[in-house]
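Data block for target.txt (compact mmCIF, C-alpha atoms):
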```txt
# COMPACT_ATOMS: atom_id res chain seq x y z
CA MET D 23 0.00 0.00 0.00
CA ARG D 24 2.79 2.40 0.89
CA ILE D 25 4.58 1.66 -2.37
CA LEU D 26 1.37 2.37 -4.31
CA ILE D 27 0.91 5.70 -2.52
CA LEU D 28 4.53 6.62 -3.24
CA VAL D 29 4.17 5.75 -6.93
CA MET D 30 0.95 7.76 -7.20
CA SER D 31 2.61 10.73 -5.49
CA LEU D 32 5.53 10.58 -7.89
CA LEU D 33 3.20 10.39 -10.88
CA LEU D 34 1.23 13.37 -9.59
CA PHE D 35 4.43 15.36 -9.03
CA THR D 36 5.73 14.44 -12.48
CA GLY D 37 2.43 15.44 -14.03
CA CYS D 38 2.45 18.77 -12.23
CA GLN D 39 6.01 19.47 -13.34
CA SER D 40 5.20 18.55 -16.96
CA ALA D 41 2.20 20.88 -16.90
CA TYR D 42 4.38 23.63 -15.45
CA TYR D 43 7.04 23.26 -18.14
CA SER D 44 4.36 23.18 -20.84
CA THR D 45 2.74 26.34 -19.52
CA MET D 46 6.07 28.16 -19.29
CA GLU D 47 6.98 27.19 -22.86
CA LYS D 48 3.72 28.73 -24.08
CA VAL D 49 4.91 32.09 -22.74
CA GLY D 50 8.38 31.70 -24.21
CA VAL D 51 10.24 30.32 -21.17
CA HIS D 52 11.87 27.03 -22.13
CA LYS D 53 13.41 24.28 -20.01
CA ARG D 54 16.90 25.59 -20.76
CA ASP D 55 15.89 28.96 -19.28
CA ILE D 56 14.34 27.31 -16.24
CA LEU D 57 17.45 25.20 -15.69
CA ALA D 58 19.70 28.26 -15.85
CA ASP D 59 17.43 30.08 -13.38
CA ARG D 60 17.40 27.14 -10.95
CA VAL D 61 21.17 26.78 -11.08
CA ASP D 62 21.43 30.49 -10.31
CA LYS D 63 19.03 30.13 -7.36
CA ALA D 64 20.99 27.13 -6.05
CA GLN D 65 24.11 29.27 -6.23
CA ASP D 66 22.39 31.95 -4.13
CA ALA D 67 21.28 29.31 -1.61
CA GLN D 68 24.84 28.01 -1.31
CA GLN D 69 26.19 31.50 -0.73
CA ASP D 70 23.58 32.10 1.98
CA ALA D 71 24.44 28.75 3.57
CA GLN D 72 28.12 29.69 3.63
CA GLN D 73 27.29 32.82 5.60
CA GLU D 74 25.11 30.91 8.06
CA PHE D 75 27.83 28.35 8.76
CA LYS D 76 30.42 31.11 9.13
CA SER D 77 28.15 32.84 11.65
CA ALA D 78 27.70 29.57 13.52
CA LEU D 79 31.46 29.17 13.76
CA GLU D 80 31.80 32.74 15.06
CA GLN D 81 29.13 32.07 17.68
CA PHE D 82 30.85 28.85 18.73
CA SER D 83 34.13 30.74 19.02
CA THR D 84 32.40 33.28 21.26
CA LEU D 85 30.83 30.50 23.30
CA ILE D 86 34.06 28.69 24.14
CA GLN D 87 35.60 32.00 25.26
CA PHE D 88 32.70 32.54 27.64
CA ASP D 89 33.89 33.81 31.01
CA GLY D 90 30.93 34.68 33.17
CA GLY D 91 27.57 36.16 32.28
CA ASP D 92 24.30 34.84 30.91
CA LEU D 93 25.03 31.28 29.82
CA GLN D 94 21.37 30.69 28.96
CA LYS D 95 21.62 33.46 26.38
CA GLN D 96 24.72 31.84 24.91
CA TYR D 97 22.83 28.58 24.57
CA GLU D 98 19.90 30.30 22.84
CA GLN D 99 22.24 32.00 20.37
CA THR D 100 24.08 28.75 19.72
CA ASN D 101 20.83 26.88 19.12
CA GLU D 102 19.53 29.66 16.89
CA GLN D 103 22.65 29.44 14.75
CA TYR D 104 22.18 25.68 14.44
CA GLN D 105 18.54 26.14 13.38
CA ASP D 106 19.53 28.76 10.79
CA CYS D 107 22.19 26.45 9.37
CA SER D 108 19.74 23.56 9.24
CA GLU D 109 17.20 25.65 7.31
CA ALA D 110 19.88 26.92 4.93
CA ALA D 111 21.09 23.38 4.27
CA ALA D 112 17.55 22.19 3.57
CA LEU D 113 17.09 24.98 1.03
CA VAL D 114 20.33 24.02 -0.72
CA SER D 115 19.11 20.43 -1.03
CA GLU D 116 15.73 21.61 -2.30
CA ARG D 117 17.34 23.78 -4.96
CA ILE D 118 19.62 20.95 -6.14
CA ASN D 119 16.64 18.60 -6.40
CA SER D 120 14.78 21.14 -8.52
CA ILE D 121 17.79 21.35 -10.84
CA GLU D 122 17.79 17.58 -11.31
CA ASP D 123 14.12 17.57 -12.20
CA VAL D 124 14.27 20.16 -14.98
CA ALA D 125 17.62 18.89 -16.29
CA GLU D 126 16.17 15.41 -16.76
CA ALA D 127 13.16 16.86 -18.60
CA LEU D 128 15.39 19.03 -20.79
CA PHE D 129 17.77 16.23 -21.78
CA ASP D 130 14.92 13.81 -22.48
CA GLU D 131 13.27 16.36 -24.73
CA TRP D 132 16.54 17.18 -26.46
CA GLN D 133 17.25 13.50 -27.11
CA GLU D 134 13.77 12.89 -28.53
CA GLU D 135 13.97 15.90 -30.82
CA LEU D 136 17.16 14.61 -32.44
CA ASP D 137 14.95 12.17 -34.37
CA MET D 138 13.06 15.08 -35.89
CA TYR D 139 16.06 16.36 -37.90
CA SER D 140 16.19 15.83 -41.65
CA ASN D 141 19.59 17.53 -41.92
CA ALA D 142 22.24 15.00 -40.83
CA LYS D 143 24.90 17.62 -40.19
CA LEU D 144 22.68 19.71 -37.91
CA LYS D 145 21.55 16.56 -36.10
CA GLN D 146 25.16 15.53 -35.49
CA GLU D 147 26.07 18.98 -34.16
CA SER D 148 23.03 19.04 -31.86
CA ALA D 149 23.80 15.53 -30.57
CA ALA D 150 27.39 16.54 -29.83
CA LYS D 151 26.18 19.65 -27.97
CA LEU D 152 23.75 17.52 -25.97
CA LYS D 153 26.51 15.14 -24.85
CA SER D 154 28.83 18.02 -23.98
CA THR D 155 26.12 19.77 -21.96
CA GLN D 156 25.22 16.54 -20.17
CA ARG D 157 28.85 15.95 -19.21
CA GLN D 158 29.24 19.45 -17.83
CA TYR D 159 25.91 19.16 -16.01
CA GLN D 160 26.86 15.84 -14.42
CA GLN D 161 30.13 17.32 -13.20
CA LEU D 162 28.25 20.28 -11.72
CA LEU D 163 25.68 18.02 -10.07
CA ASN D 164 28.41 15.84 -8.54
CA THR D 165 30.17 18.93 -7.18
CA MET D 166 26.92 20.30 -5.76
CA ARG D 167 26.10 17.00 -4.10
CA GLN D 168 29.60 16.84 -2.61
CA ALA D 169 29.15 20.32 -1.16
CA GLU D 170 25.71 19.30 0.10
CA SER D 171 27.07 16.19 1.82
CA SER D 172 29.80 18.22 3.54
CA MET D 173 27.09 20.10 5.47
CA ALA D 174 25.90 16.95 7.28
CA PRO D 175 28.84 16.45 9.69
CA VAL D 176 28.81 20.14 10.56
CA LEU D 177 25.09 20.09 11.27
CA ASP D 178 25.54 16.99 13.41
CA SER D 179 28.26 18.68 15.45
CA LEU D 180 26.29 21.92 15.86
CA ARG D 181 23.22 19.99 16.97
CA ASP D 182 25.22 17.88 19.44
CA ASN D 183 26.87 20.95 20.92
CA SER D 184 23.55 22.73 21.25
CA LEU D 185 21.94 19.73 22.97
CA TYR D 186 24.89 19.26 25.29
CA LEU D 187 24.87 22.91 26.29
CA LYS D 188 21.10 22.86 26.81
CA HIS D 189 21.42 20.27 29.56
CA ASN D 190 24.77 21.42 30.97
CA LEU D 191 24.61 25.16 31.50
CA ASN D 192 27.87 25.45 33.44
CA ALA D 193 31.55 26.25 33.02
CA GLN D 194 32.48 22.57 32.77
CA ALA D 195 30.29 22.25 29.68
CA ILE D 196 32.11 25.13 28.04
CA GLY D 197 35.40 23.41 28.75
CA ALA D 198 34.17 20.21 27.13
CA LEU D 199 33.01 22.05 24.02
CA ARG D 200 36.37 23.75 23.55
CA ASN D 201 37.76 20.42 22.41
CA GLU D 202 35.23 20.36 19.56
CA PHE D 203 36.12 23.71 18.04
CA ALA D 204 39.07 22.62 15.90
CA SER D 205 37.06 19.80 14.32
CA ILE D 206 34.10 22.04 13.51
CA GLU D 207 36.36 24.75 12.14
CA ARG D 208 38.03 22.20 9.86
CA ASP D 209 34.69 20.84 8.63
CA ILE D 210 33.28 24.31 7.95
CA THR D 211 36.43 25.31 6.08
CA LYS D 212 36.02 22.21 3.90
CA LEU D 213 32.33 22.94 3.41
CA ILE D 214 33.01 26.50 2.26
CA SER D 215 35.71 25.31 -0.11
CA ASN D 216 33.35 22.73 -1.64
CA MET D 217 30.62 25.31 -2.05
CA ASN D 218 32.98 27.80 -3.67
CA LYS D 219 33.86 25.12 -6.21
CA ALA D 220 30.18 24.41 -6.86
CA ILE D 221 29.42 28.12 -7.22
CA SER D 222 32.26 28.55 -9.71
CA GLU D 223 31.08 25.58 -11.78
CA SER D 224 27.51 26.90 -11.63
CA GLN D 225 28.61 30.15 -13.24
CA GLN D 226 30.40 28.25 -16.00
CA PHE D 227 27.39 26.01 -16.62
CA ILE D 228 24.99 28.95 -16.85
CA ALA D 229 27.31 30.56 -19.40
CA THR D 230 27.25 27.32 -21.42
CA LEU D 231 23.44 27.23 -21.42
CA LYS D 232 23.30 30.77 -22.74
CA GLN D 233 25.63 30.10 -25.67
```

Please render this file's structure as structure tokens.
Amino acid sequence: MRILILVMSLLLFTGCQSAYYSTMEKVGVHKRDILADRVDKAQDAQQDAQQEFKSALEQFSTLIQFDGGDLQKQYEQTNEQYQDCSEAAALVSERINSIEDVAEALFDEWQEELDMYSNAKLKQESAAKLKSTQRQYQQLLNTMRQAESSMAPVLDSLRDNSLYLKHNLNAQAIGALRNEFASIERDITKLISNMNKAISESQQFIATLKQ
């Protein structure tokens, strides 16, 4: 029963997406344009996520230097940073998923339309462009997914630290968390590097789509 519900949901989603693409094409917005727009939005989401994780690292740095004052407030700020990072990461994943959906529709359409050519030379050139675009897209997608996956260990650490602090609002807790800073800093540095690579490849891919 669950499998049937899942299949029906997927069919409904696919149908909705197909209707959306069809409607957009009627007003002159094609799948290539939608793909470029979604890659651009994913790039924005990654840049926003970078800032959220940087802010979380700054807050954690402030936390472990805590020396008297309102520890409850420090916990609230730490937890808020974790929540912001979690939301930013979810948006990045959502944007990447939306890219996959329209890219699949675009490439399927492109492949089908190759059979409509009567000019062999133009068909060959279009087929070559399709393969080249698919290769560049797959590289971009892999890079985006790598950047996405690098957020998970950071989110886990931020969540653990927030939970630990929630139930241990004392100086000893701060001391324990100091040992975690180097690891989180290393993971966030890696995350930012991966996202910068994805952002750079996004810009190149958008330029390719507009050629």

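Minimum distance to Gln99 of chain D across D:Lys188, D:Lys53, D:Arg208, D:Arg167 (counting all atoms listed in the file) occurs at D:Lys188.
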
Tell me which of D:Val49, D:Ala127, D:Leu136, D:Leu185 sits closest to Glu98 of chain D, counting only C-alpha atoms. D:Leu185

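Here atom CA of Leu57 of chain D stands at a distance of 8.7 Å from atom CA of Ser120 of chain D.
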
I want to know what sits within 10 Å of Gln69 of chain D, based on only C-alpha atoms, with residues of the same chain fewer than 4 positions away left out; could you give that as JSON, numbers by chain? {"D": [63, 64, 65, 73, 74, 110, 114, 214, 217, 218, 221]}

Keeping only C-alpha atoms, take the residues you just selected and write them out as a compact mmCIF listing (two decimals), in the frame of the given file.
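File written: part11.txt
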```
# COMPACT_ATOMS: atom_id res chain seq x y z
CA LYS D 63 19.03 30.13 -7.36
CA ALA D 64 20.99 27.13 -6.05
CA GLN D 65 24.11 29.27 -6.23
CA GLN D 73 27.29 32.82 5.60
CA GLU D 74 25.11 30.91 8.06
CA ALA D 110 19.88 26.92 4.93
CA VAL D 114 20.33 24.02 -0.72
CA ILE D 214 33.01 26.50 2.26
CA MET D 217 30.62 25.31 -2.05
CA ASN D 218 32.98 27.80 -3.67
CA ILE D 221 29.42 28.12 -7.22
```

Where is the centre and how long are the edges: axis-aligned box on segment 161-173 of chain D, 3 Å on each side, Å to one decimal, as JSON:
```
{"center_x": 27.9, "center_y": 18.1, "center_z": -3.9, "size_x": 10.5, "size_y": 10.5, "size_z": 24.7}
```

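Atom CA of Glu47 of chain D to atom CA of Gln68 of chain D spans 28.0 Å [interatomic distance, one decimal].
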
What lies within 9 Å of Ser184 of chain D using all atoms listed in the file, ignoring chain neighbours under 4 positions off, as a ChimeraX atom specification? /D:97-98,100-101,104,179-180,188-189

List as a list in words the protein and nucleic acid residues near Asp106 of chain D, meaning an atom at most 9 Å away when only C-alpha atoms are counted, but skip any in the same chain fewer than 3 places from it. Ala71, Glu74, Phe75, Ala78, Asn101, Glu102, Gln103, Glu109, Ala110 and Ala111 of chain D

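Proximity ranking of D:Lys219, D:Lys143, D:Lys212, D:Arg181 relative to Asn164 of chain D places D:Lys219 first, based on all atoms listed in the file.
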